[in-house]
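Listing of start-v7.tsv; format and content: TSV, C-alpha atoms and all ligand atoms.
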```
chain	number	residue	atom	x	y	z
T	18	MET	CA	0.00	0.00	0.00
T	19	PHE	CA	1.39	3.42	-0.91
T	20	VAL	CA	0.27	6.98	-1.57
T	21	HIS	CA	0.21	8.29	-5.13
T	22	THR	CA	-0.90	11.53	-6.77
T	23	CYS	CA	-2.71	10.62	-9.98
T	24	SER	CA	-1.71	12.39	-13.20
T	25	ALA	CA	-5.29	12.09	-14.50
T	26	CYS	CA	-7.57	13.04	-11.58
T	27	HIS	CA	-4.84	14.87	-9.58
T	28	ARG	CA	-6.05	13.32	-6.34
T	29	ARG	CA	-3.66	11.93	-3.73
T	30	GLU	CA	-4.95	8.47	-2.87
T	31	LEU	CA	-3.88	5.28	-1.17
T	32	ILE	CA	-3.14	2.52	-3.68
T	33	PHE	CA	-3.80	-1.03	-2.48
T	34	PRO	CA	-2.15	-4.24	-3.75
T	35	SER	CA	-5.39	-5.21	-5.49
T	36	GLN	CA	-4.94	-2.18	-7.80
T	37	VAL	CA	-1.47	-3.24	-8.96
T	38	LEU	CA	-1.47	-4.52	-12.54
T	39	ALA	CA	2.23	-5.35	-12.99
T	40	VAL	CA	5.63	-5.08	-11.35
T	41	ASP	CA	8.69	-5.04	-13.60
T	42	ASN	CA	12.27	-5.10	-12.35
T	43	THR	CA	14.22	-2.91	-14.80
T	44	GLU	CA	17.69	-1.37	-14.85
T	45	HIS	CA	16.04	1.94	-13.87
T	46	GLY	CA	14.34	0.46	-10.80
T	47	ILE	CA	11.15	-1.39	-10.01
T	48	VAL	CA	8.33	-0.13	-12.24
T	49	VAL	CA	4.93	-0.62	-10.62
T	50	ARG	CA	1.94	-0.28	-12.97
T	51	PHE	CA	-1.43	0.17	-11.28
T	52	ALA	CA	-4.93	1.52	-11.77
T	53	CYS	CA	-5.95	4.67	-9.89
T	54	TRP	CA	-9.38	4.86	-8.25
T	55	CYS	CA	-10.47	6.83	-11.35
T	56	ASP	CA	-9.35	3.85	-13.54
T	57	ALA	CA	-6.44	5.76	-15.07
T	58	GLU	CA	-3.37	3.58	-15.49
T	59	GLN	CA	-0.39	4.98	-13.58
T	60	THR	CA	3.23	3.98	-13.05
T	61	LEU	CA	5.61	4.40	-10.15
T	62	VAL	CA	9.36	3.77	-10.20
T	63	THR	CA	10.70	2.57	-6.88
T	64	GLY	CA	13.51	0.51	-5.42
T	65	VAL	CA	17.20	1.23	-4.87
T	66	ASP	CA	17.95	1.89	-8.54
T	67	ALA	CA	15.18	4.51	-8.82
T	68	SER	CA	17.26	7.12	-6.98
T	69	ARG	CA	20.55	6.36	-8.68
T	70	PRO	CA	21.69	8.53	-11.57
T	71	ALA	CA	21.72	6.82	-14.95
T	72	ALA	CA	24.94	5.02	-15.71
T	73	VAL	CA	27.26	7.00	-17.96
T	74	PRO	CA	29.32	4.93	-20.37
T	75	ALA	CA	33.08	5.26	-19.84
T	76	ALA	CA	34.90	7.43	-22.38
T	77	ALA	CA	37.05	5.48	-24.82
E	1	ZN	ZN	-6.85	9.08	-10.75
```
I need this file expressed as structure tokens, please.
Amino acid sequence: MFVHTCSACHRRELIFPSQVLAVDNTEHGIVVRFACWCDAEQTLVTGVDASRPAAVPAAA
């Protein structure tokens, strides 16, 4: 359960596990896809990698 401000209805609501549609572990962090109470699909990036700056390739 977490709090999210919806980009469609602009309301700050609690999101429950039953609203989660998918969880993907990516190189940019954990991407949680869920449905807001207004039925708009939203995403949240969380996890340790979410706060890390993007990796910069080493100069040759
Ligand atoms: Zn909403």
| Distance filter 6 Å around ligand ZN 1 (chain E), atoms: all atoms listed in the file, out as a list in words | Cys23, Ala25, Cys26, Cys53, Trp54, Cys55 and Ala57 of chain T
| d(CA of Phe33 (chain T), CA of Met18 (chain T)) in Å |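 CA of Met18 (chain T) lies 4.7 Å from CA of Phe33 (chain T).
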| request: Would you work out the distance separating CA of Glu44 (chain T) from CA of Glu30 (chain T), expressed in Å to one decimal? | output: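 Interatomic distance, CA of Glu44 (chain T) to CA of Glu30 (chain T): 27.4 Å.
The space between CA of His21 (chain T) and CA of Leu61 (chain T) spans 8.3 Å.
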| task | Please provide the set of residues having any atom within 7 Å of region 63-65 of chain T, restricted to only C-alpha atoms, with same-chain residues fewer than 4 positions apart removed, written as a PyMOL selection string. | result | chain T and resi 46-48
| query | Could you list as JSON, numbers by chain every residue that has an atom within 6 Å of (-1.0, 4.3, 1.3), using the file's coordinates and counting all atoms listed in the file? | reply | {"T": [18, 19, 20, 31, 32]}
